[in-house]
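Participant: The structure file input.txt (compact mmCIF, C-alpha atoms and all ligand atoms) is provided below.
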# COMPACT_ATOMS: atom_id res chain seq x y z
CA MET A 1 21.23 -8.79 49.22
CA SER A 2 23.69 -9.71 46.52
CA GLU A 3 23.51 -7.80 43.25
CA THR A 4 22.03 -9.92 40.42
CA LEU A 5 24.19 -10.08 37.35
CA PRO A 6 22.63 -9.71 33.89
CA ALA A 7 22.21 -12.84 31.77
CA ILE A 8 25.28 -14.12 29.96
CA ARG A 9 25.05 -13.29 26.27
CA VAL A 10 28.46 -14.67 25.25
CA PRO A 11 29.84 -17.37 27.58
CA LEU A 12 33.55 -18.07 27.90
CA ALA A 13 33.16 -21.62 26.58
CA GLU A 14 30.34 -23.80 25.33
CA VAL A 15 30.06 -27.56 24.93
CA GLU A 16 28.52 -29.00 21.78
CA LEU A 17 26.67 -32.19 22.58
CA GLY A 18 23.74 -33.75 20.84
CA ASP A 19 21.78 -36.86 19.99
CA PRO A 20 24.87 -39.00 19.23
CA GLU A 21 26.22 -38.49 22.77
CA ILE A 22 22.79 -39.05 24.34
CA GLU A 23 22.20 -42.23 22.34
CA ALA A 24 25.69 -43.53 23.09
CA VAL A 25 25.19 -43.06 26.83
CA VAL A 26 21.78 -44.74 26.70
CA ALA A 27 23.31 -47.69 24.82
CA VAL A 28 25.90 -48.10 27.56
CA LEU A 29 23.21 -47.94 30.24
CA ARG A 30 21.23 -50.60 28.36
CA SER A 31 24.33 -52.80 28.14
CA ARG A 32 24.50 -52.79 31.96
CA TRP A 33 28.32 -52.72 31.89
CA LEU A 34 29.34 -49.34 33.25
CA THR A 35 32.93 -49.65 34.47
CA ALA A 36 35.94 -49.80 32.12
CA GLY A 37 35.22 -52.26 29.34
CA PRO A 38 34.83 -52.45 25.56
CA THR A 39 33.86 -48.78 25.05
CA VAL A 40 36.91 -47.60 27.00
CA GLU A 41 39.03 -49.92 24.84
CA ARG A 42 37.54 -48.41 21.66
CA PHE A 43 38.05 -44.88 22.99
CA GLU A 44 41.68 -45.68 23.79
CA ALA A 45 42.25 -47.10 20.31
CA ALA A 46 40.75 -43.96 18.74
CA LEU A 47 42.86 -41.64 20.93
CA ALA A 48 46.03 -43.57 20.10
CA ALA A 49 45.25 -43.42 16.38
CA LEU A 50 44.63 -39.66 16.55
CA ALA A 51 47.99 -39.09 18.27
CA GLY A 52 49.83 -41.60 16.06
CA VAL A 53 51.07 -43.63 19.03
CA PRO A 54 50.51 -47.30 19.86
CA HIS A 55 49.11 -46.73 23.36
CA ALA A 56 46.46 -44.56 25.00
CA VAL A 57 45.50 -45.24 28.61
CA ALA A 58 42.18 -43.59 29.50
CA VAL A 59 41.99 -42.16 33.01
CA SER A 60 39.60 -40.16 35.17
CA ASN A 61 41.07 -36.71 34.37
CA CYS A 62 44.26 -35.02 33.15
CA THR A 63 45.47 -34.40 36.69
CA ALA A 64 45.42 -38.18 37.18
CA ALA A 65 47.18 -38.59 33.82
CA LEU A 66 49.97 -36.23 34.95
CA HIS A 67 50.25 -38.05 38.30
CA LEU A 68 50.52 -41.44 36.57
CA ALA A 69 52.99 -40.06 34.02
CA TYR A 70 55.33 -38.81 36.74
CA LEU A 71 54.99 -42.06 38.74
CA ALA A 72 55.61 -44.19 35.65
CA LEU A 73 58.80 -42.19 34.99
CA GLY A 74 59.96 -42.84 38.54
CA VAL A 75 59.46 -39.34 39.96
CA GLY A 76 59.68 -39.55 43.74
CA PRO A 77 60.74 -37.81 46.95
CA GLY A 78 63.75 -35.52 46.55
CA ASP A 79 63.32 -35.19 42.76
CA GLU A 80 62.64 -32.01 40.82
CA VAL A 81 60.18 -31.68 37.94
CA LEU A 82 60.49 -28.70 35.61
CA VAL A 83 57.10 -27.15 34.86
CA PRO A 84 55.94 -24.01 33.05
CA THR A 85 54.76 -21.35 35.47
CA LEU A 86 52.22 -20.03 32.95
CA SER A 87 49.95 -23.07 32.97
CA PHE A 88 47.28 -24.80 34.99
CA VAL A 89 48.47 -25.77 38.48
CA ALA A 90 48.02 -29.54 37.97
CA SER A 91 51.52 -30.11 36.51
CA ALA A 92 53.07 -28.59 39.66
CA ASN A 93 50.62 -30.13 42.13
CA MET A 94 51.21 -33.63 40.77
CA ALA A 95 54.97 -33.26 41.22
CA CYS A 96 54.20 -32.54 44.90
CA ALA A 97 51.83 -35.54 45.00
CA CYS A 98 54.85 -37.70 44.09
CA GLY A 99 56.91 -36.12 46.89
CA ALA A 100 58.93 -34.16 44.34
CA ARG A 101 59.45 -30.39 43.99
CA PRO A 102 58.16 -28.42 41.00
CA VAL A 103 60.75 -26.06 39.57
CA PHE A 104 59.05 -23.26 37.67
CA VAL A 105 60.19 -22.09 34.24
CA ASP A 106 59.47 -18.75 32.57
CA CYS A 107 57.53 -18.25 29.35
CA LEU A 108 58.92 -16.90 26.09
CA GLY A 109 57.11 -13.56 26.28
CA GLU A 110 54.25 -11.46 24.96
CA ASP A 111 54.02 -13.12 21.56
CA ASP A 112 54.38 -16.71 22.76
CA PHE A 113 53.21 -17.78 26.22
CA ASN A 114 54.85 -21.21 25.92
CA ILE A 115 57.82 -22.41 27.96
CA ASP A 116 61.21 -20.84 27.21
CA PRO A 117 63.66 -23.66 26.34
CA THR A 118 66.67 -21.52 27.35
CA ASP A 119 65.27 -20.86 30.82
CA LEU A 120 64.27 -24.52 31.02
CA GLU A 121 67.81 -25.73 30.42
CA ARG A 122 69.20 -23.21 32.91
CA ARG A 123 67.08 -24.74 35.69
CA ILE A 124 68.22 -28.34 35.25
CA THR A 125 70.04 -29.70 38.31
CA PRO A 126 71.33 -33.16 39.30
CA ARG A 127 67.94 -33.66 41.01
CA THR A 128 65.88 -33.02 37.87
CA LYS A 129 63.90 -36.14 37.03
CA ALA A 130 61.49 -35.00 34.31
CA ILE A 131 60.44 -32.07 32.16
CA CYS A 132 56.77 -31.14 31.76
CA VAL A 133 55.74 -28.83 28.95
CA VAL A 134 52.28 -27.57 28.02
CA HIS A 135 51.06 -26.62 24.56
CA TYR A 136 49.43 -23.43 25.81
CA GLY A 137 46.01 -22.85 24.28
CA GLY A 138 46.74 -25.60 21.76
CA TYR A 139 49.68 -23.64 20.28
CA PRO A 140 52.63 -26.06 20.16
CA CYS A 141 55.56 -25.17 22.39
CA ARG A 142 59.07 -25.27 20.90
CA ILE A 143 59.05 -29.02 21.31
CA ASP A 144 61.96 -29.54 18.89
CA GLU A 145 64.24 -27.45 21.13
CA VAL A 146 62.88 -29.14 24.26
CA LEU A 147 63.54 -32.58 22.72
CA ALA A 148 67.12 -31.58 21.90
CA LEU A 149 67.89 -30.33 25.40
CA ALA A 150 66.13 -33.31 27.01
CA ALA A 151 68.33 -35.62 24.95
CA ARG A 152 71.48 -33.70 26.01
CA HIS A 153 70.54 -34.19 29.68
CA ALA A 154 68.93 -37.66 29.29
CA LEU A 155 65.64 -36.42 30.76
CA PRO A 156 62.13 -37.66 29.90
CA ILE A 157 59.42 -35.25 28.71
CA VAL A 158 55.78 -35.19 29.77
CA GLU A 159 53.66 -33.25 27.27
CA ASP A 160 50.62 -31.69 28.88
CA CYS A 161 48.24 -31.78 25.91
CA ALA A 162 45.15 -30.76 27.88
CA HIS A 163 44.51 -27.99 25.33
CA ALA A 164 45.70 -29.84 22.30
CA PRO A 165 43.73 -32.91 21.12
CA GLY A 166 44.13 -33.13 17.36
CA GLY A 167 46.97 -30.59 17.46
CA THR A 168 50.27 -30.90 15.62
CA PHE A 169 53.78 -29.44 15.50
CA ARG A 170 55.04 -29.26 11.91
CA GLY A 171 52.41 -31.83 11.02
CA ARG A 172 53.24 -34.40 13.71
CA PRO A 173 50.63 -35.01 16.45
CA LEU A 174 51.19 -33.35 19.80
CA GLY A 175 51.50 -35.93 22.56
CA SER A 176 53.71 -38.12 20.37
CA PHE A 177 56.96 -36.24 21.03
CA GLY A 178 57.57 -36.77 24.75
CA GLU A 179 57.75 -40.03 26.67
CA ILE A 180 54.13 -39.51 27.79
CA GLY A 181 51.42 -37.11 26.60
CA CYS A 182 48.54 -36.20 28.91
CA GLN A 183 45.09 -35.16 27.74
CA SER A 184 42.06 -33.61 29.48
CA PHE A 185 38.41 -34.13 28.61
CA PHE A 186 37.10 -31.66 31.21
CA GLY A 187 33.84 -29.84 30.48
CA ASN A 188 35.40 -26.85 28.68
CA LYS A 189 38.01 -28.73 26.61
CA ASN A 190 38.11 -29.35 22.84
CA ILE A 191 36.84 -32.89 23.56
CA THR A 192 34.75 -33.35 26.69
CA THR A 193 33.51 -36.34 28.62
CA GLY A 194 32.57 -34.20 31.65
CA GLU A 195 35.65 -35.36 33.54
CA GLY A 196 38.20 -37.53 31.78
CA GLY A 197 41.74 -37.80 30.53
CA ALA A 198 44.31 -40.06 28.94
CA CYS A 199 48.02 -40.84 28.81
CA LEU A 200 49.58 -41.35 25.38
CA THR A 201 52.86 -43.17 24.87
CA ARG A 202 55.03 -44.83 22.25
CA SER A 203 56.61 -47.10 24.85
CA ASP A 204 55.19 -50.59 25.53
CA GLU A 205 56.93 -50.60 28.90
CA LEU A 206 55.53 -47.23 30.02
CA ALA A 207 52.06 -48.23 28.79
CA GLY A 208 52.25 -51.35 30.95
CA ARG A 209 53.26 -49.31 34.00
CA LEU A 210 50.55 -46.73 33.37
CA ARG A 211 47.89 -49.45 33.10
CA LEU A 212 49.03 -51.05 36.35
CA LEU A 213 49.22 -47.73 38.19
CA ARG A 214 45.77 -46.75 36.92
CA SER A 215 44.04 -49.71 38.53
CA HIS A 216 45.56 -50.57 41.93
CA GLY A 217 48.58 -52.28 40.37
CA MET A 218 46.28 -55.19 39.51
CA THR A 219 47.41 -57.43 36.67
CA THR A 220 43.87 -57.94 35.30
CA MET A 221 40.81 -55.70 35.12
CA THR A 222 37.26 -56.65 36.17
CA TRP A 223 36.33 -56.62 32.47
CA ASP A 224 39.00 -59.24 31.68
CA ARG A 225 37.68 -61.44 34.46
CA HIS A 226 34.06 -60.90 33.35
CA ARG A 227 34.96 -62.00 29.82
CA GLY A 228 36.64 -65.10 31.22
CA HIS A 229 40.05 -63.89 30.03
CA ALA A 230 41.33 -64.17 33.58
CA SER A 231 39.99 -65.62 36.80
CA THR A 232 42.42 -64.09 39.23
CA TYR A 233 44.91 -61.27 39.58
CA ASP A 234 48.16 -60.30 41.24
CA VAL A 235 49.05 -56.83 42.53
CA ALA A 236 52.34 -55.88 40.91
CA LEU A 237 52.76 -52.45 42.53
CA ALA A 238 50.96 -50.04 44.84
CA GLY A 239 48.64 -48.30 42.38
CA LEU A 240 45.60 -46.04 42.37
CA ASN A 241 42.09 -46.05 40.95
CA TYR A 242 42.15 -43.55 38.10
CA ARG A 243 39.96 -45.55 35.68
CA LEU A 244 37.57 -44.00 33.16
CA ASP A 245 34.08 -45.52 32.83
CA GLU A 246 32.04 -46.69 29.83
CA LEU A 247 29.58 -43.76 29.95
CA ARG A 248 32.31 -41.19 29.57
CA ALA A 249 34.18 -43.20 26.97
CA ALA A 250 30.96 -43.37 24.93
CA ILE A 251 30.67 -39.57 25.05
CA GLY A 252 34.36 -39.26 24.19
CA LEU A 253 33.99 -41.39 21.05
CA CYS A 254 31.20 -39.09 19.80
CA GLN A 255 33.25 -36.01 20.67
CA LEU A 256 36.20 -37.38 18.70
CA GLU A 257 33.97 -37.52 15.62
CA ARG A 258 33.35 -33.78 16.03
CA LEU A 259 36.92 -32.78 16.85
CA ALA A 260 38.32 -31.84 13.41
CA ASP A 261 35.24 -29.74 12.58
CA HIS A 262 35.27 -28.09 16.02
CA ASN A 263 38.97 -27.24 15.87
CA ALA A 264 38.49 -25.79 12.36
CA ARG A 265 35.57 -23.63 13.54
CA ARG A 266 37.56 -22.46 16.57
CA GLY A 267 40.37 -21.47 14.17
CA ARG A 268 37.93 -19.54 12.01
CA ALA A 269 36.69 -17.61 15.06
CA VAL A 270 40.26 -16.80 16.11
CA ARG A 271 41.10 -15.42 12.66
CA ARG A 272 37.97 -13.27 12.81
CA TYR A 273 38.93 -11.99 16.29
CA ARG A 274 42.40 -11.10 15.01
CA ARG A 275 40.94 -9.03 12.15
CA VAL A 276 38.27 -7.27 14.23
CA LEU A 277 40.66 -6.47 17.09
CA ALA A 278 43.27 -5.09 14.67
CA GLU A 279 40.60 -2.78 13.20
CA ARG A 280 38.78 -1.68 16.34
CA LEU A 281 41.28 -2.08 19.20
CA PRO A 282 44.84 -1.90 17.92
CA GLN A 283 46.12 -1.30 21.48
CA ILE A 284 45.21 -4.92 22.35
CA ARG A 285 48.14 -7.25 21.80
CA ILE A 286 47.41 -10.77 20.56
CA PRO A 287 49.85 -13.59 21.41
CA PHE A 288 50.43 -16.28 18.79
CA ALA A 289 49.17 -13.58 16.40
CA ALA A 290 49.95 -15.35 13.15
CA ALA A 291 49.98 -18.98 14.33
CA GLU A 292 47.92 -21.29 12.16
CA GLU A 293 48.99 -24.66 13.60
CA SER A 294 46.82 -24.85 16.73
CA THR A 295 43.72 -26.44 18.23
CA PHE A 296 42.63 -22.91 19.27
CA HIS A 297 41.50 -24.02 22.72
CA ILE A 298 41.39 -20.53 24.27
CA PHE A 299 41.83 -16.96 23.01
CA PRO A 300 43.98 -14.91 25.37
CA VAL A 301 44.84 -11.26 24.66
CA LEU A 302 47.07 -8.75 26.45
CA LEU A 303 45.52 -5.56 27.79
CA PRO A 304 47.62 -2.37 27.69
CA ALA A 305 50.02 -2.19 30.67
CA GLY A 306 48.42 -0.56 33.69
CA THR A 307 44.82 -1.46 32.72
CA ASP A 308 42.45 -2.07 35.63
CA ARG A 309 41.77 -5.70 34.65
CA PRO A 310 39.27 -6.50 37.43
CA GLY A 311 37.28 -3.44 36.30
CA VAL A 312 37.36 -4.57 32.65
CA ILE A 313 36.25 -8.10 33.64
CA ALA A 314 33.38 -6.71 35.75
CA ARG A 315 32.22 -4.27 33.05
CA MET A 316 32.32 -6.96 30.35
CA ARG A 317 30.37 -9.31 32.61
CA ALA A 318 27.80 -6.56 33.19
CA ALA A 319 27.47 -6.35 29.40
CA GLY A 320 26.86 -10.12 29.28
CA VAL A 321 30.35 -11.28 28.26
CA GLN A 322 32.18 -13.89 30.32
CA THR A 323 35.97 -13.72 30.39
CA SER A 324 38.75 -15.43 32.33
CA VAL A 325 42.49 -15.35 32.98
CA HIS A 326 44.82 -18.13 31.76
CA TYR A 327 46.80 -18.13 33.98
CA PRO A 328 48.05 -16.47 37.12
CA PRO A 329 51.68 -17.77 37.15
CA THR A 330 51.68 -20.87 39.36
CA HIS A 331 54.73 -19.76 41.37
CA THR A 332 52.79 -16.70 42.59
CA PHE A 333 49.98 -18.72 44.22
CA THR A 334 50.01 -18.95 48.03
CA ALA A 335 50.95 -22.65 47.97
CA TYR A 336 54.09 -21.98 45.92
CA ARG A 337 55.03 -18.44 46.96
CA GLY A 338 58.68 -18.18 47.90
CA SER A 339 59.52 -21.49 46.19
CA SER A 340 60.87 -19.91 43.02
CA PRO A 341 63.16 -17.09 41.97
CA ALA A 342 61.48 -14.28 40.02
CA LEU A 343 60.27 -15.27 36.54
CA PRO A 344 60.20 -11.80 35.02
CA ARG A 345 58.45 -12.38 31.71
CA ALA A 346 55.49 -14.32 33.17
CA GLU A 347 55.23 -11.87 36.07
CA ALA A 348 55.21 -8.87 33.71
CA LEU A 349 52.55 -10.15 31.36
CA ALA A 350 50.31 -11.95 33.90
CA PRO A 351 48.36 -8.85 35.08
CA ARG A 352 47.56 -8.04 31.44
CA ILE A 353 46.17 -11.41 30.31
CA LEU A 354 42.47 -11.60 29.52
CA THR A 355 40.87 -14.68 27.96
CA LEU A 356 37.99 -13.87 25.61
CA PRO A 357 35.14 -16.28 24.76
CA LEU A 358 35.96 -19.02 22.26
CA TYR A 359 33.98 -22.07 21.16
CA PRO A 360 33.05 -23.65 17.83
CA ARG A 361 29.62 -21.98 17.57
CA LEU A 362 30.95 -18.47 18.29
CA GLY A 363 29.71 -16.36 15.38
CA ASP A 364 30.89 -13.15 13.74
CA GLU A 365 28.15 -11.18 15.50
CA ASP A 366 29.24 -12.55 18.91
CA ILE A 367 32.85 -11.64 18.15
CA GLY A 368 31.84 -8.10 17.20
CA PHE A 369 29.84 -7.85 20.43
CA VAL A 370 32.77 -9.12 22.56
CA VAL A 371 35.21 -6.68 20.96
CA ASP A 372 32.80 -3.75 21.33
CA SER A 373 32.21 -4.71 24.99
CA LEU A 374 35.95 -4.81 25.55
CA ARG A 375 36.35 -1.39 23.92
CA ALA A 376 33.60 0.06 26.11
CA ALA A 377 35.03 -1.61 29.22
CA LEU A 378 38.48 -0.12 28.54
C1 LIG A 401 47.04 -27.21 30.88
C2 LIG A 401 46.19 -28.07 31.77
N1 LIG A 401 46.72 -29.16 32.34
C3 LIG A 401 46.01 -29.97 33.13
C4 LIG A 401 44.69 -29.71 33.41
C5 LIG A 401 43.94 -30.59 34.34
O1 LIG A 401 42.91 -31.25 33.68
P1 LIG A 401 41.75 -32.01 34.45
O2 LIG A 401 40.74 -31.00 34.87
O3 LIG A 401 41.22 -32.96 33.41
O4 LIG A 401 42.36 -32.72 35.59
C6 LIG A 401 44.07 -28.59 32.84
C7 LIG A 401 42.67 -28.30 33.13
O5 LIG A 401 42.15 -27.24 32.98
C8 LIG A 401 44.84 -27.75 31.99
O6 LIG A 401 44.30 -26.66 31.43
Could you express the structure from this file as structure tokens?
Ligand SMILES: Cc1ncc(COP(=O)(O)O)c(C=O)c1O
Facilitator:
Amino acid sequence: MSETLPAIRVPLAEVELGDPEIEAVVAVLRSRWLTAGPTVERFEAALAALAGVPHAVAVSNCTAALHLAYLALGVGPGDEVLVPTLSFVASANMACACGARPVFVDCLGEDDFNIDPTDLERRITPRTKAICVVHYGGYPCRIDEVLALAARHALPIVEDCAHAPGGTFRGRPLGSFGEIGCQSFFGNKNITTGEGGACLTRSDELAGRLRLLRSHGMTTMTWDRHRGHASTYDVALAGLNYRLDELRAAIGLCQLERLADHNARRGRAVRRYRRVLAERLPQIRIPFAAAEESTFHIFPVLLPAGTDRPGVIARMRAAGVQTSVHYPPTHTFTAYRGSSPALPRAEALAPRILTLPLYPRLGDEDIGFVVDSLRAAL
């Protein structure tokens, strides 16, 4: 018989949903138009406005957004795409889905888990077709340096903004710097629609390609034909079906209303964590320790070198605290093992990363409990 775990007292993440989302979904159901239509259009307009770009193309998830971004930029067989190793695997997997090869780039180090622009530039070859960066945890990467090196090498940038809706770098919205920004509305993200995502772009041409690729390469959508705006369609290229639906867009519009408040409350919790950890557990190192410009998507810390992390995770879980690890470096997974030279900084810090619970409703008492559980587990 398997051992039963005690109830979770502090989960890793928590979604805040309420009557507005429920009513919005019911209204869509009552409208009887469920596939992409007017609500998706309104959601796209709101996402574009938030990011300060003219175009948002809503899609079924961020993995789809990354796939479309690479395809729209012409990534194909034989190409290389530079990706951060310390990120979610989707940016590498989608390079493979295009027939290209992901080339992994090291992170800056213990204080900043984001991509190292110097290592990035070192890995550019004649085959490099695009650069993908992530704003890890909602903390902006050194996008100014990445923009400068991308310009020197005439390479496009895909910004993986899965952690960063509403985020900025020196006041300018994340997702507006690269050629295409990609967002995720997965269940644990700062905005959720269950599953969902979007591509952001300043380029009319790229927006057109993304829209075609999203829906089979078809020149009109069912909604256009339903409205009488079109009676037929052509297929301009071999596309996919990565559309978002009205139900999710309706949830997304409600979530957008909550975003600024949620990001502010996440930030407040992070500042509290920083103070309590400094007092009670000074041996825990906190990356992005003083950063204020963030969407505070997750709260990773570094355990002292040599800590038995699986033991700490198990003991915290036994105390009712859920934790996670963001991320095992992608180049060390079975699928990518042997495909990359050593990336020493990511490899050195990876066994020490522990992600502590973070969500808007996380209170001071919860934070005290998490830190005390961590102290006991150590
Ligand atoms: C950095 C990053 N990129 C991409 C994704 C993929 O997002 P989705 O689950 O919406 O496909 C995630 C999801 O966790 C992520 O964290």
Participant: For a quick check of understanding, using all atoms listed in the file, which of A:Asp261, A:Thr118, A:Leu277, A:Leu302 has the smallest distance to A:Leu149?
Facilitator: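 Checking each of A:Asp261, A:Thr118, A:Leu277, A:Leu302 against A:Leu149, counting all atoms listed in the file, the winner is A:Thr118.
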Participant: Which residues are near ligand LIG 401 (chain A) - at most 7 Å, using all atoms listed in the file? Format: as a list in words.
Facilitator: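 Result of the 7 Å neighbour search around ligand LIG 401 (chain A): Asn61, Cys62, Thr63, Ala64, Ser87, Phe88, Ala90, Ser91, Val134, Tyr136, Asp160, Cys161, Ala162, His163, Ser184, Phe185, Phe186, Glu195, Gly196 and Gly197 of chain A.
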Participant: What gap, in Å, lies between atom CA of A:Ser60 and atom CA of A:Arg337?
Facilitator: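 Atom-to-atom, atom CA of A:Ser60 to atom CA of A:Arg337, that is 29.1 Å.
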Participant: Within 12 Å of A:Gly52, counting all atoms listed in the file, which residues qualify if same-chain residues fewer than 2 places away don't, as a compact mmCIF listing (two decimals) with C-alpha atoms, in the coordinates of the input?
Facilitator:
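Just written: out-v5.txt:
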# COMPACT_ATOMS: atom_id res chain seq x y z
CA GLU A 44 41.68 -45.68 23.79
CA ALA A 45 42.25 -47.10 20.31
CA ALA A 46 40.75 -43.96 18.74
CA LEU A 47 42.86 -41.64 20.93
CA ALA A 48 46.03 -43.57 20.10
CA ALA A 49 45.25 -43.42 16.38
CA LEU A 50 44.63 -39.66 16.55
CA PRO A 54 50.51 -47.30 19.86
CA HIS A 55 49.11 -46.73 23.36
CA ALA A 56 46.46 -44.56 25.00
CA PRO A 165 43.73 -32.91 21.12
CA GLY A 166 44.13 -33.13 17.36
CA GLY A 167 46.97 -30.59 17.46
CA THR A 168 50.27 -30.90 15.62
CA GLY A 171 52.41 -31.83 11.02
CA ARG A 172 53.24 -34.40 13.71
CA PRO A 173 50.63 -35.01 16.45
CA LEU A 174 51.19 -33.35 19.80
CA GLY A 175 51.50 -35.93 22.56
CA SER A 176 53.71 -38.12 20.37
CA PHE A 177 56.96 -36.24 21.03
CA GLY A 181 51.42 -37.11 26.60
CA LEU A 200 49.58 -41.35 25.38
CA THR A 201 52.86 -43.17 24.87
CA ARG A 202 55.03 -44.83 22.25
Participant: Of the candidates A:Arg101, A:Arg272, A:Arg123, A:Arg30, which one gets nearest to A:Ser339 if we count all atoms listed in the file?
Facilitator: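 Looking only at the distances to A:Ser339, the closest residue turns out to be A:Arg101.
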Participant: Give me, as a ChimeraX atom specification, all polymer residues having an atom no more than 8 Å from stretch 234-249 of chain A, counting only C-alpha atoms and skipping those fewer than 2 positions away in the same chain.
Facilitator: /A:24-25,28-29,33-40,43,58-61,64,193-197,212-220,232,251-253
Participant: Keeping only C-alpha atoms, write those residues as a compact mmCIF listing (two decimals), keeping the file's coordinate frame.
Facilitator:
# COMPACT_ATOMS: atom_id res chain seq x y z
CA ALA A 24 25.69 -43.53 23.09
CA VAL A 25 25.19 -43.06 26.83
CA VAL A 28 25.90 -48.10 27.56
CA LEU A 29 23.21 -47.94 30.24
CA TRP A 33 28.32 -52.72 31.89
CA LEU A 34 29.34 -49.34 33.25
CA THR A 35 32.93 -49.65 34.47
CA ALA A 36 35.94 -49.80 32.12
CA GLY A 37 35.22 -52.26 29.34
CA PRO A 38 34.83 -52.45 25.56
CA THR A 39 33.86 -48.78 25.05
CA VAL A 40 36.91 -47.60 27.00
CA PHE A 43 38.05 -44.88 22.99
CA ALA A 58 42.18 -43.59 29.50
CA VAL A 59 41.99 -42.16 33.01
CA SER A 60 39.60 -40.16 35.17
CA ASN A 61 41.07 -36.71 34.37
CA ALA A 64 45.42 -38.18 37.18
CA THR A 193 33.51 -36.34 28.62
CA GLY A 194 32.57 -34.20 31.65
CA GLU A 195 35.65 -35.36 33.54
CA GLY A 196 38.20 -37.53 31.78
CA GLY A 197 41.74 -37.80 30.53
CA LEU A 212 49.03 -51.05 36.35
CA LEU A 213 49.22 -47.73 38.19
CA ARG A 214 45.77 -46.75 36.92
CA SER A 215 44.04 -49.71 38.53
CA HIS A 216 45.56 -50.57 41.93
CA GLY A 217 48.58 -52.28 40.37
CA MET A 218 46.28 -55.19 39.51
CA THR A 219 47.41 -57.43 36.67
CA THR A 220 43.87 -57.94 35.30
CA THR A 232 42.42 -64.09 39.23
CA ILE A 251 30.67 -39.57 25.05
CA GLY A 252 34.36 -39.26 24.19
CA LEU A 253 33.99 -41.39 21.05
Participant: Would you kindly return, as a PDB file with C-alpha atoms, keeping the file's coordinate frame, each protein, DNA or RNA residue with an atom no farther than 6 Å from any atom of stretch 138-145 of chain A, considering only C-alpha atoms and excluding same-chain residues fewer than 6 positions away?
Facilitator:
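For reference, part.pdb as written:
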ATOM      1  CA  ASN A 114      54.850 -21.210  25.920  1.00  0.00           C
ATOM      2  CA  HIS A 163      44.510 -27.990  25.330  1.00  0.00           C
ATOM      3  CA  ALA A 164      45.700 -29.840  22.300  1.00  0.00           C
ATOM      4  CA  PHE A 169      53.780 -29.440  15.500  1.00  0.00           C
ATOM      5  CA  SER A 294      46.820 -24.850  16.730  1.00  0.00           C
ATOM      6  CA  THR A 295      43.720 -26.440  18.230  1.00  0.00           C
ATOM      7  CA  PHE A 296      42.630 -22.910  19.270  1.00  0.00           C
ATOM      8  CA  HIS A 297      41.500 -24.020  22.720  1.00  0.00           C
TER       9      HIS A 297
END
Participant: Mind pulling up the distance from atom CA of A:Val57 to atom CA of A:Gln183?
Facilitator: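 Atom-to-atom, atom CA of A:Gln183 to atom CA of A:Val57, that is 10.1 Å.
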Participant: Mind pulling up the distance from atom CA of A:Arg317 to atom CA of A:Ala376?
Facilitator: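 Between these atoms lies a distance of 11.9 Å.
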Participant: Quick one: of A:Ala290, A:Val26, A:Ala100, A:Ala342, who's nearest to A:Gly76, counting only C-alpha atoms?
Facilitator: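 When distances to A:Gly76 are compared using only C-alpha atoms, the smallest one comes from A:Ala100.
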Participant: Between A:Gln255, A:Ala318, A:Glu292, A:Gln283, which has the minimum distance to A:Gly18 (counting all atoms listed in the file)?
Facilitator: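 Between A:Gln255, A:Ala318, A:Glu292, A:Gln283, the residue approaching A:Gly18 most closely is A:Gln255.
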Participant: Grab stretch 161-183 of chain A from that structure and dump C-alpha atoms to a file, as a PDB file, in the first residue's frame.
Facilitator:
ATOM      1  CA  CYS A 161       7.286  35.678 -21.805  1.00  0.00           C
ATOM      2  CA  ALA A 162       5.487  32.693 -20.274  1.00  0.00           C
ATOM      3  CA  HIS A 163       6.332  34.045 -16.802  1.00  0.00           C
ATOM      4  CA  ALA A 164       6.023  37.688 -17.614  1.00  0.00           C
ATOM      5  CA  PRO A 165       2.568  39.089 -18.530  1.00  0.00           C
ATOM      6  CA  GLY A 166       2.479  42.699 -17.396  1.00  0.00           C
ATOM      7  CA  GLY A 167       6.250  42.688 -16.890  1.00  0.00           C
ATOM      8  CA  THR A 168       8.640  45.410 -18.016  1.00  0.00           C
ATOM      9  CA  PHE A 169      12.335  46.104 -18.588  1.00  0.00           C
ATOM     10  CA  ARG A 170      13.185  49.694 -17.636  1.00  0.00           C
ATOM     11  CA  GLY A 171       9.499  50.492 -17.963  1.00  0.00           C
ATOM     12  CA  ARG A 172       8.945  49.013 -21.429  1.00  0.00           C
ATOM     13  CA  PRO A 173       6.672  45.938 -21.700  1.00  0.00           C
ATOM     14  CA  LEU A 174       8.332  42.559 -22.036  1.00  0.00           C
ATOM     15  CA  GLY A 175       7.352  40.871 -25.284  1.00  0.00           C
ATOM     16  CA  SER A 176       7.746  44.141 -27.198  1.00  0.00           C
ATOM     17  CA  PHE A 177      11.533  43.925 -27.614  1.00  0.00           C
ATOM     18  CA  GLY A 178      12.018  40.854 -29.810  1.00  0.00           C
ATOM     19  CA  GLU A 179      10.476  40.094 -33.179  1.00  0.00           C
ATOM     20  CA  ILE A 180       7.884  37.878 -31.440  1.00  0.00           C
ATOM     21  CA  GLY A 181       6.929  37.504 -27.770  1.00  0.00           C
ATOM     22  CA  CYS A 182       5.270  34.295 -26.564  1.00  0.00           C
ATOM     23  CA  GLN A 183       2.930  34.077 -23.590  1.00  0.00           C
TER      24      GLN A 183
END
